[in-house]
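Note: the block below is structure_1.csv and it holds CSV, C-alpha atoms.
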```
chain,number,residue,atom,x,y,z
M,1478,MET,CA,-10.5,-29.0,0.4
M,1479,SER,CA,-12.8,-29.6,-2.6
M,1480,PRO,CA,-11.7,-29.3,-6.2
M,1481,ALA,CA,-13.8,-26.1,-6.5
M,1482,SER,CA,-12.1,-24.6,-3.5
M,1483,ASP,CA,-8.7,-25.5,-4.8
M,1484,HIS,CA,-9.5,-23.8,-8.1
M,1485,ASP,CA,-10.8,-20.7,-6.3
M,1486,ALA,CA,-7.6,-20.5,-4.2
M,1487,LEU,CA,-5.4,-20.9,-7.3
M,1488,VAL,CA,-7.3,-18.1,-9.1
M,1489,GLU,CA,-7.0,-15.8,-6.1
M,1490,ARG,CA,-3.2,-16.5,-5.9
M,1491,ILE,CA,-2.8,-15.8,-9.6
M,1492,ARG,CA,-4.8,-12.6,-9.2
M,1493,ARG,CA,-2.5,-11.5,-6.4
M,1494,ASP,CA,0.5,-12.2,-8.5
M,1495,LEU,CA,-0.9,-10.1,-11.3
M,1496,GLN,CA,-1.5,-7.3,-8.7
M,1497,ASP,CA,2.1,-7.6,-7.6
M,1498,GLY,CA,3.1,-7.0,-11.2
M,1499,TYR,CA,0.9,-3.9,-11.4
M,1500,ASP,CA,2.3,-2.6,-8.2
M,1501,GLU,CA,5.8,-3.0,-9.4
M,1502,GLU,CA,5.0,-0.6,-12.3
M,1503,LEU,CA,3.3,1.8,-9.8
M,1504,GLU,CA,6.4,1.9,-7.7
M,1505,LEU,CA,8.5,3.0,-10.7
M,1506,GLU,CA,5.9,5.6,-11.6
M,1507,ILE,CA,6.0,7.1,-8.1
M,1508,GLU,CA,9.8,7.1,-8.1
M,1509,ASP,CA,10.0,10.6,-9.5
M,1510,ARG,CA,7.0,12.0,-7.7
M,1511,HIS,CA,6.5,13.2,-4.2
M,1512,VAL,CA,5.8,10.1,-2.2
M,1513,ASP,CA,3.3,11.6,0.2
M,1514,GLU,CA,1.3,13.0,-2.6
M,1515,ALA,CA,1.2,9.7,-4.4
M,1516,LEU,CA,0.1,7.9,-1.3
M,1517,ARG,CA,-2.8,10.3,-0.8
M,1518,ALA,CA,-3.9,9.5,-4.3
M,1519,LEU,CA,-3.7,5.8,-3.6
M,1520,ASP,CA,-5.8,6.3,-0.5
M,1521,GLU,CA,-8.7,7.2,-2.7
M,1522,GLY,CA,-9.2,3.5,-3.6
M,1523,ASP,CA,-12.3,1.4,-3.0
M,1524,GLY,CA,-11.4,0.8,0.6
M,1525,ASP,CA,-11.5,-3.1,0.6
M,1526,SER,CA,-9.0,-5.1,2.7
M,1527,ALA,CA,-6.8,-5.9,-0.2
M,1528,HIS,CA,-6.4,-2.3,-1.2
M,1529,GLY,CA,-5.7,-1.4,2.4
M,1530,GLU,CA,-2.9,-4.0,2.5
M,1531,ARG,CA,-1.4,-2.5,-0.7
M,1532,ILE,CA,-1.4,1.0,0.8
M,1533,ALA,CA,0.2,-0.3,4.0
M,1534,TYR,CA,2.9,-2.0,1.9
M,1535,PHE,CA,3.7,1.1,-0.1
M,1536,ARG,CA,3.9,3.2,3.1
M,1537,GLN,CA,6.3,0.8,4.7
M,1538,LEU,CA,8.4,0.4,1.5
M,1539,PHE,CA,8.9,4.1,1.0
M,1540,ARG,CA,9.7,4.6,4.7
M,1541,LEU,CA,12.3,1.8,4.5
M,1542,GLN,CA,13.7,3.2,1.2
M,1543,ARG,CA,14.2,6.6,2.9
M,1544,GLU,CA,16.2,4.8,5.6
M,1545,LEU,CA,18.2,3.0,2.9
M,1546,VAL,CA,19.3,6.4,1.6
M,1547,LYS,CA,20.5,7.3,5.1
M,1548,LEU,CA,22.3,4.0,5.3
M,1549,GLN,CA,24.0,4.6,1.9
M,1550,ASP,CA,25.2,8.1,3.0
M,1551,TRP,CA,26.4,6.7,6.3
M,1552,VAL,CA,28.3,3.8,4.6
M,1553,GLN,CA,30.0,6.4,2.3
M,1554,HIS,CA,30.7,8.8,5.1
M,1555,THR,CA,32.2,6.2,7.4
M,1556,ARG,CA,33.9,4.3,4.6
M,1557,GLN,CA,32.2,1.0,5.4
M,1558,LYS,CA,32.6,-2.0,3.1
M,1559,VAL,CA,29.4,-4.1,2.8
M,1560,VAL,CA,28.7,-7.3,0.9
M,1561,ILE,CA,25.2,-8.8,0.7
M,1562,LEU,CA,24.5,-12.2,-0.8
M,1563,PHE,CA,21.1,-13.1,-2.2
M,1564,GLU,CA,20.5,-16.8,-2.6
M,1565,GLY,CA,17.5,-19.0,-3.0
M,1566,ARG,CA,15.5,-21.1,-5.5
M,1567,ASP,CA,14.5,-19.8,-8.9
M,1568,ALA,CA,11.6,-17.4,-8.7
M,1569,ALA,CA,12.1,-17.0,-4.9
M,1570,GLY,CA,12.0,-13.2,-5.1
M,1571,LYS,CA,15.7,-12.3,-4.8
M,1572,GLY,CA,15.6,-10.0,-7.8
M,1573,GLY,CA,12.5,-8.2,-6.5
M,1574,ALA,CA,14.1,-7.5,-3.1
M,1575,ILE,CA,17.3,-6.3,-4.8
M,1576,LYS,CA,15.4,-4.0,-7.0
M,1577,ARG,CA,13.6,-2.4,-4.0
M,1578,ILE,CA,16.9,-2.0,-2.1
M,1579,THR,CA,18.7,-0.3,-5.0
M,1580,GLN,CA,15.8,1.6,-6.5
M,1581,ARG,CA,16.6,5.0,-4.9
M,1582,LEU,CA,20.3,4.5,-4.2
M,1583,ASN,CA,23.3,5.9,-6.0
M,1584,PRO,CA,24.7,3.1,-8.3
M,1585,ARG,CA,28.2,4.5,-7.7
M,1586,VAL,CA,27.8,3.6,-4.0
M,1587,CYS,CA,25.5,0.6,-4.2
M,1588,ARG,CA,25.9,-1.8,-7.1
M,1589,VAL,CA,24.6,-5.2,-8.1
M,1590,VAL,CA,26.8,-8.1,-9.3
M,1591,ALA,CA,25.1,-10.9,-11.3
M,1592,LEU,CA,27.8,-12.9,-13.0
M,1593,PRO,CA,27.0,-15.1,-16.0
M,1594,ALA,CA,28.2,-18.7,-16.2
M,1595,PRO,CA,32.0,-19.0,-16.0
M,1596,ASN,CA,33.9,-19.1,-19.3
M,1597,ASP,CA,36.5,-21.7,-20.2
M,1598,ARG,CA,39.3,-19.6,-18.7
M,1599,GLU,CA,37.4,-18.9,-15.5
M,1600,ARG,CA,36.7,-22.6,-15.0
M,1601,THR,CA,40.4,-23.1,-14.5
M,1602,GLN,CA,40.9,-20.3,-12.0
M,1603,TRP,CA,40.8,-20.6,-8.2
M,1604,TYR,CA,37.1,-20.9,-7.6
M,1605,PHE,CA,36.7,-17.5,-5.7
M,1606,GLN,CA,38.9,-15.6,-8.1
M,1607,ARG,CA,36.1,-14.3,-10.4
M,1608,TYR,CA,34.2,-12.9,-7.4
M,1609,VAL,CA,37.1,-11.1,-5.7
M,1610,PRO,CA,37.4,-8.2,-8.3
M,1611,HIS,CA,33.8,-7.3,-7.5
M,1612,LEU,CA,34.3,-6.9,-3.7
M,1613,PRO,CA,33.7,-3.3,-2.4
M,1614,ALA,CA,36.3,-0.6,-1.6
M,1615,ALA,CA,35.7,1.8,1.3
M,1616,GLY,CA,32.3,3.5,1.1
M,1617,GLU,CA,30.7,0.9,-1.1
M,1618,ILE,CA,27.8,-1.6,-0.9
M,1619,VAL,CA,27.8,-4.7,-3.2
M,1620,LEU,CA,24.8,-6.9,-3.7
M,1621,PHE,CA,25.5,-10.3,-5.2
M,1622,ASP,CA,22.5,-11.7,-7.1
M,1623,ARG,CA,23.7,-15.3,-6.6
M,1624,SER,CA,27.3,-15.7,-5.5
M,1625,TRP,CA,30.1,-18.2,-4.8
M,1626,TYR,CA,27.3,-20.4,-3.4
M,1627,ASN,CA,26.5,-21.5,-6.9
M,1628,ARG,CA,29.0,-24.3,-6.3
M,1629,ALA,CA,26.9,-25.7,-3.4
M,1630,GLY,CA,23.7,-25.3,-5.3
M,1631,VAL,CA,23.2,-25.3,-9.0
M,1632,GLU,CA,26.7,-26.6,-9.9
M,1633,ARG,CA,26.4,-29.5,-7.6
M,1634,VAL,CA,22.8,-30.4,-8.5
M,1635,MET,CA,23.3,-30.0,-12.3
M,1636,GLY,CA,26.6,-31.9,-12.3
M,1637,PHE,CA,28.7,-29.0,-13.3
M,1638,CYS,CA,31.4,-29.9,-10.7
M,1639,SER,CA,32.6,-33.0,-9.0
M,1640,GLU,CA,31.8,-34.0,-5.4
M,1641,ALA,CA,35.5,-33.4,-4.7
M,1642,ASP,CA,35.0,-29.8,-5.9
M,1643,VAL,CA,32.0,-29.4,-3.6
M,1644,GLU,CA,33.9,-30.8,-0.6
M,1645,GLU,CA,36.8,-28.4,-1.2
M,1646,PHE,CA,34.3,-25.6,-1.5
M,1647,PHE,CA,32.9,-26.4,1.9
M,1648,ARG,CA,36.4,-26.6,3.4
M,1649,SER,CA,37.4,-23.3,1.8
M,1650,VAL,CA,34.4,-21.0,2.0
M,1651,PRO,CA,34.3,-20.5,5.8
M,1652,GLU,CA,38.0,-19.4,5.8
M,1653,PHE,CA,37.4,-17.2,2.7
M,1654,GLU,CA,34.5,-15.5,4.4
M,1655,ARG,CA,36.4,-15.1,7.7
M,1656,MET,CA,39.2,-13.4,5.6
M,1657,LEU,CA,36.6,-11.0,4.2
M,1658,VAL,CA,35.3,-10.1,7.6
M,1659,ARG,CA,38.8,-9.7,9.0
M,1660,SER,CA,39.6,-7.3,6.2
M,1661,GLY,CA,36.7,-5.0,7.4
M,1662,ILE,CA,33.9,-6.2,5.2
M,1663,THR,CA,30.4,-6.6,6.7
M,1664,LEU,CA,29.1,-9.8,5.0
M,1665,ILE,CA,25.4,-10.6,5.2
M,1666,LYS,CA,23.9,-13.8,3.6
M,1667,TYR,CA,20.2,-14.1,2.8
M,1668,TRP,CA,18.4,-17.3,1.6
M,1669,PHE,CA,15.0,-16.7,0.1
M,1670,SER,CA,12.8,-19.6,1.0
M,1671,ILE,CA,9.6,-20.5,-0.9
M,1672,SER,CA,7.3,-23.5,-0.9
M,1673,ASP,CA,6.9,-26.0,-3.7
M,1674,GLU,CA,3.4,-24.7,-4.5
M,1675,GLU,CA,4.5,-21.1,-4.6
M,1676,GLN,CA,7.4,-21.7,-7.0
M,1677,HIS,CA,5.0,-23.7,-9.2
M,1678,LEU,CA,2.6,-20.7,-9.3
M,1679,ARG,CA,5.4,-18.2,-10.1
M,1680,PHE,CA,6.7,-20.4,-12.9
M,1681,LEU,CA,3.2,-20.6,-14.4
M,1682,GLY,CA,3.0,-16.8,-14.2
M,1683,ARG,CA,6.3,-16.5,-16.1
M,1684,ILE,CA,5.2,-19.0,-18.8
M,1685,HIS,CA,2.0,-17.1,-19.5
M,1686,ASP,CA,3.2,-13.5,-19.2
M,1687,PRO,CA,5.2,-12.4,-22.3
M,1688,LEU,CA,6.9,-9.7,-20.3
M,1689,LYS,CA,8.2,-12.3,-17.9
M,1690,GLN,CA,9.2,-15.1,-20.2
M,1691,TRP,CA,12.8,-13.9,-20.4
M,1692,LYS,CA,13.1,-14.8,-16.7
M,1693,LEU,CA,12.6,-18.5,-17.6
M,1694,SER,CA,15.7,-20.4,-18.8
M,1695,PRO,CA,16.2,-24.1,-19.5
M,1696,MET,CA,18.1,-24.2,-16.2
M,1697,ASP,CA,15.1,-22.8,-14.3
M,1698,LEU,CA,12.8,-25.5,-15.8
M,1699,GLU,CA,15.2,-28.2,-14.9
M,1700,SER,CA,15.5,-26.9,-11.4
M,1701,ARG,CA,11.7,-27.3,-11.1
M,1702,ARG,CA,12.0,-31.0,-11.9
M,1703,ARG,CA,14.9,-31.4,-9.4
M,1704,TRP,CA,13.1,-29.7,-6.5
M,1705,GLU,CA,14.2,-32.4,-4.0
M,1706,ASP,CA,17.8,-32.4,-5.1
M,1707,TYR,CA,18.0,-28.7,-4.6
M,1708,THR,CA,16.4,-29.1,-1.2
M,1709,ARG,CA,19.0,-31.6,-0.1
M,1710,ALA,CA,21.8,-29.4,-1.5
M,1711,LYS,CA,20.4,-26.3,0.3
M,1712,GLU,CA,20.2,-28.1,3.7
M,1713,VAL,CA,23.8,-29.3,3.5
M,1714,MET,CA,24.9,-25.8,2.4
M,1715,LEU,CA,23.2,-24.0,5.3
M,1716,GLU,CA,24.6,-26.5,7.8
M,1717,ARG,CA,28.2,-26.4,6.6
M,1718,THR,CA,28.5,-22.6,5.9
M,1719,HIS,CA,26.5,-21.1,8.8
M,1720,ILE,CA,29.4,-19.5,10.7
M,1721,ALA,CA,29.5,-16.9,13.5
M,1722,GLU,CA,31.3,-14.3,11.4
M,1723,ALA,CA,28.8,-14.6,8.5
M,1724,PRO,CA,25.6,-16.5,9.5
M,1725,TRP,CA,22.8,-17.3,7.1
M,1726,TRP,CA,19.5,-15.4,7.4
M,1727,VAL,CA,16.4,-17.1,5.9
M,1728,VAL,CA,13.7,-14.9,4.5
M,1729,ALA,CA,10.2,-16.4,4.3
M,1730,ALA,CA,9.3,-15.4,0.7
M,1731,ASP,CA,6.0,-17.0,-0.2
M,1732,ASP,CA,4.5,-13.5,0.2
M,1733,LYS,CA,6.7,-11.3,-2.0
M,1734,LYS,CA,5.8,-8.0,-0.4
M,1735,ARG,CA,6.3,-9.1,3.2
M,1736,ALA,CA,9.6,-10.7,2.2
M,1737,ARG,CA,10.9,-7.5,0.7
M,1738,LEU,CA,9.9,-5.4,3.7
M,1739,ASN,CA,11.3,-7.9,6.2
M,1740,CYS,CA,14.6,-8.2,4.3
M,1741,ILE,CA,15.1,-4.5,4.1
M,1742,GLN,CA,14.3,-3.9,7.7
M,1743,HIS,CA,16.6,-6.7,8.8
M,1744,LEU,CA,19.4,-5.3,6.6
M,1745,LEU,CA,19.0,-1.8,8.2
M,1746,ASP,CA,19.1,-3.4,11.7
M,1747,HIS,CA,22.6,-4.6,11.0
M,1748,PHE,CA,24.1,-1.1,11.1
M,1749,PRO,CA,24.3,1.7,13.7
M,1750,TYR,CA,23.7,4.2,10.9
M,1751,HIS,CA,22.5,7.7,11.4
M,1752,GLU,CA,21.6,10.6,9.1
M,1753,VAL,CA,24.7,12.3,7.8
M,1754,GLU,CA,24.6,16.1,7.9
M,1755,ARG,CA,25.1,17.7,4.5
M,1756,ALA,CA,26.3,21.1,3.7
M,1757,GLU,CA,23.6,23.4,2.3
M,1758,VAL,CA,23.5,23.2,-1.5
M,1759,ARG,CA,23.3,26.5,-3.4
M,1760,LEU,CA,22.7,26.6,-7.1
M,1761,PRO,CA,25.2,29.0,-8.6
M,1762,GLU,CA,24.2,31.6,-11.2
M,1763,ARG,CA,24.9,30.6,-14.7
M,1764,GLU,CA,27.6,32.7,-16.3
M,1765,ARG,CA,26.6,34.5,-19.5
M,1766,HIS,CA,29.0,35.9,-22.1
M,1767,ASP,CA,28.2,38.3,-24.9
M,1768,ASP,CA,30.3,36.3,-27.4
M,1769,TYR,CA,28.4,33.0,-26.8
M,1770,ALA,CA,25.5,32.0,-29.1
M,1771,ARG,CA,23.9,28.6,-29.0
M,1772,GLN,CA,24.3,26.9,-32.4
M,1773,PRO,CA,21.2,25.3,-34.0
M,1774,VAL,CA,21.0,21.5,-34.3
M,1775,PRO,CA,20.5,20.2,-37.9
M,1776,PRO,CA,16.9,18.9,-38.2
M,1777,GLN,CA,18.0,15.5,-39.5
M,1778,MET,CA,19.8,14.9,-36.1
M,1779,PHE,CA,16.6,15.0,-34.1
M,1780,VAL,CA,14.9,11.8,-32.9
M,1781,PRO,CA,11.5,11.7,-34.7
M,1782,GLU,CA,8.7,12.9,-32.3
M,1783,ARG,CA,6.2,10.1,-32.8
M,1784,TYR,CA,4.6,10.5,-29.4
```
Show me the file's structure as structure tokens.
Amino acid sequence: MSPASDHDALVERIRRDLQDGYDEELELEIEDRHVDEALRALDEGDGDSAHGERIAYFRQLFRLQRELVKLQDWVQHTRQKVVILFEGRDAAGKGGAIKRITQRLNPRVCRVVALPAPNDRERTQWYFQRYVPHLPAAGEIVLFDRSWYNRAGVERVMGFCSEADVEEFFRSVPEFERMLVRSGITLIKYWFSISDEEQHLRFLGRIHDPLKQWKLSPMDLESRRRWEDYTRAKEVMLERTHIAEAPWWVVAADDKKRARLNCIQHLLDHFPYHEVERAEVRLPERERHDDYARQPVPPQMFVPERY
């Protein structure tokens, strides 16, 4: 491929990444509108192939999110306990997938756990101890945005633990996860896989987009330099922790939108869920009392109306 062709391909990939960012805002805008009406408005685009792909993505996403609502109701109704782990390199798209899964769900049923680095006390605990309090009770779904597999990845590569700690982790984690499954938890583990070139592009996008710079930490930048170390660590992790009770599932994530749809569909396929019948909801009449009068709010308490 010529340098000019390389440049054109890079520009096109950057354009698509920017379009993804725009579409994310559009998804949020549609959240409180009638989906079918919004899709009809989108259909009035210019009709090119890229626009058609976007419409197809939105149609599938909204269809899958409706199914996720049914899954949530079924989990709550049947008192299931579900844990989903999201692992992968920095900028692999874990957060985007989690956002689409939880976007229309009840946060009291489906919650996200994204733990910070352990403090001094937590470093002296049993390794899994800080994760156990976040496990679900009956009728709950918990999504871990990174999990106990930090030990096999970032902690190992960055030297935050010893090789003896890593070896003990590999001995313990299969039994820990089997215990979870025996207790009635459905445990699903996803690894989001992206190429070297795609991670490079996404990092550049974060560097040059002020709204995304918060996503870049010194650890992220160092992970870029240590790409091969992370690859070796990932390969060992998948080999030693892929167990029948809780296998790994690899999501091809160079295309963000396809990755989200494929992950959500695969998640739904794990469960024999069905739509839960609900009792008809009737809005009661508001009671009115002659002795009640709504008191005026002092003007100084109002938020200034600047918009």
- [ ] Can you pull out every residue within 12 Å of M:Leu1693, counting only C-alpha atoms, but drop anything in the same chain fewer than 4 positions away, and send it as number ranges by chain?
- [x] M: 1567-1568, 1679-1689, 1697-1701
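Going from atom CA of M:Gln1557 to atom CA of M:Ile1741 covers 18.0 Å.
Take atom CA of M:His1484 and atom CA of M:Asp1673: the distance between them is 17.1 Å.
Distance-wise, atom CA of M:Asp1731 and atom CA of M:Leu1678 end up 10.4 Å apart.
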For the interface of stretch 1687-1773 of chain M with stretch 1576-1590 of chain M (cut-off 12 Å, counting all atoms listed in the file), please tabulate each contacting residue of stretch 1687-1773 of chain M alongside its nearest pair of atoms and their separation in Å to one decimal, rows sorted by chain and increasing number, as JSON lines.
```
{"residue": "M:Lys1733", "atom": "CA", "partner": "M:Arg1577", "partner_atom": "CA", "distance": 11.4}
{"residue": "M:Lys1734", "atom": "CA", "partner": "M:Arg1577", "partner_atom": "CA", "distance": 10.3}
{"residue": "M:Ala1736", "atom": "CA", "partner": "M:Arg1577", "partner_atom": "CA", "distance": 11.1}
{"residue": "M:Arg1737", "atom": "CA", "partner": "M:Arg1577", "partner_atom": "CA", "distance": 7.4}
{"residue": "M:Leu1738", "atom": "CA", "partner": "M:Arg1577", "partner_atom": "CA", "distance": 9.1}
{"residue": "M:Asn1739", "atom": "CA", "partner": "M:Ile1578", "partner_atom": "CA", "distance": 11.6}
{"residue": "M:Cys1740", "atom": "CA", "partner": "M:Ile1578", "partner_atom": "CA", "distance": 9.2}
{"residue": "M:Ile1741", "atom": "CA", "partner": "M:Ile1578", "partner_atom": "CA", "distance": 6.9}
{"residue": "M:Gln1742", "atom": "CA", "partner": "M:Ile1578", "partner_atom": "CA", "distance": 10.3}
{"residue": "M:His1743", "atom": "CA", "partner": "M:Ile1578", "partner_atom": "CA", "distance": 11.9}
{"residue": "M:Leu1744", "atom": "CA", "partner": "M:Ile1578", "partner_atom": "CA", "distance": 9.6}
{"residue": "M:Leu1745", "atom": "CA", "partner": "M:Ile1578", "partner_atom": "CA", "distance": 10.5}
```
Hey, can you spit out that residue selection with C-alpha atoms as an mmCIF file, in the frame of the given file?
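Writing the result to selection-v5.cif gives the following:
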```cif
data_model
loop_
_atom_site.group_PDB
_atom_site.id
_atom_site.type_symbol
_atom_site.label_atom_id
_atom_site.label_comp_id
_atom_site.auth_asym_id
_atom_site.auth_seq_id
_atom_site.Cartn_x
_atom_site.Cartn_y
_atom_site.Cartn_z
ATOM 1 C CA LYS M 1733 6.700 -11.300 -2.000
ATOM 2 C CA LYS M 1734 5.800 -8.000 -0.400
ATOM 3 C CA ALA M 1736 9.600 -10.700 2.200
ATOM 4 C CA ARG M 1737 10.900 -7.500 0.700
ATOM 5 C CA LEU M 1738 9.900 -5.400 3.700
ATOM 6 C CA ASN M 1739 11.300 -7.900 6.200
ATOM 7 C CA CYS M 1740 14.600 -8.200 4.300
ATOM 8 C CA ILE M 1741 15.100 -4.500 4.100
ATOM 9 C CA GLN M 1742 14.300 -3.900 7.700
ATOM 10 C CA HIS M 1743 16.600 -6.700 8.800
ATOM 11 C CA LEU M 1744 19.400 -5.300 6.600
ATOM 12 C CA LEU M 1745 19.000 -1.800 8.200
#
```
Can you list every residue of stretch 1620-1665 of chain M that has an atom at most 8 Å from stretch 1709-1718 of chain M, with its nearest atom pair and the distance in Å to one decimal, using all atoms listed in the file, ordered by chain then number, as a tab-separated table?
```
residue	atom	partner	partner_atom	distance
M:Ala1629	CA	M:Met1714	CA	6.1
M:Gly1630	CA	M:Ala1710	CA	5.9
M:Arg1633	CA	M:Ala1710	CA	7.6
M:Val1634	CA	M:Ala1710	CA	7.1
M:Phe1647	CA	M:Arg1717	CA	6.6
M:Val1650	CA	M:Thr1718	CA	7.3
M:Pro1651	CA	M:Thr1718	CA	6.2
```
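Minimum distance to M:Gln1553 across M:Val1753, M:Val1758, M:Val1488, M:Ala1569 (counting all atoms listed in the file) occurs at M:Val1753.
Distances from M:Pro1695, M:Pro1724, M:Gly1570, M:Gly1636 to M:Glu1654 were compared using all atoms listed in the file, and the smallest one belongs to M:Pro1724.
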TODO: Skip M:Ser1670 itself and residues of its chain fewer than 2 positions away, then list as a ChimeraX atom specification all residues within 6 Å of it, counting only C-alpha atoms.
DONE: /M:1728-1730
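If you measure from each of M:Val1560, M:Asp1622, M:Val1727, M:Glu1705 to M:Ile1662 using all atoms listed in the file, the closest one turns out to be M:Val1560.
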Neighbours of M:Pro1593 within 12 Å (only C-alpha atoms; same-chain residues fewer than 2 positions away dropped), as a PDB file with C-alpha atoms, keeping the file's coordinate frame?
```pdb
ATOM      1  CA  VAL M1590      26.800  -8.100  -9.300  1.00  0.00           C
ATOM      2  CA  ALA M1591      25.100 -10.900 -11.300  1.00  0.00           C
ATOM      3  CA  PRO M1595      32.000 -19.000 -16.000  1.00  0.00           C
ATOM      4  CA  ASN M1596      33.900 -19.100 -19.300  1.00  0.00           C
ATOM      5  CA  GLU M1599      37.400 -18.900 -15.500  1.00  0.00           C
ATOM      6  CA  ARG M1607      36.100 -14.300 -10.400  1.00  0.00           C
ATOM      7  CA  TYR M1608      34.200 -12.900  -7.400  1.00  0.00           C
ATOM      8  CA  PHE M1621      25.500 -10.300  -5.200  1.00  0.00           C
ATOM      9  CA  ASP M1622      22.500 -11.700  -7.100  1.00  0.00           C
ATOM     10  CA  ARG M1623      23.700 -15.300  -6.600  1.00  0.00           C
ATOM     11  CA  SER M1624      27.300 -15.700  -5.500  1.00  0.00           C
ATOM     12  CA  ASN M1627      26.500 -21.500  -6.900  1.00  0.00           C
TER      13      ASN M1627
END
```
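With only C-alpha atoms as the atoms that count, the minimum distance from M:His1751 to the choices M:Val1643, M:Ala1533, M:Leu1548, M:Ala1486 is reached by M:Leu1548.
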TODO: Identify, on the basis of only C-alpha atoms, every residue whose closest approach to M:Glu1754 does not exceed 10 Å; exclude the query and any residue fewer than 5 positions from it along the same chain; express the result as a PyMOL selection string.
DONE: chain M and resi 1550-1551+1554
Skip stretch 1655-1661 of chain M itself and residues of its chain fewer than 2 positions away, then list as a tab-separated table (two decimals) with C-alpha atoms, keeping the file's coordinate frame all residues within 9 Å of it, counting only C-alpha atoms.
```
chain	number	residue	atom	x	y	z
M	1557	GLN	CA	32.20	1.00	5.40
M	1558	LYS	CA	32.60	-2.00	3.10
M	1559	VAL	CA	29.40	-4.10	2.80
M	1650	VAL	CA	34.40	-21.00	2.00
M	1651	PRO	CA	34.30	-20.50	5.80
M	1652	GLU	CA	38.00	-19.40	5.80
M	1653	PHE	CA	37.40	-17.20	2.70
M	1663	THR	CA	30.40	-6.60	6.70
M	1664	LEU	CA	29.10	-9.80	5.00
M	1720	ILE	CA	29.40	-19.50	10.70
M	1722	GLU	CA	31.30	-14.30	11.40
M	1723	ALA	CA	28.80	-14.60	8.50
```
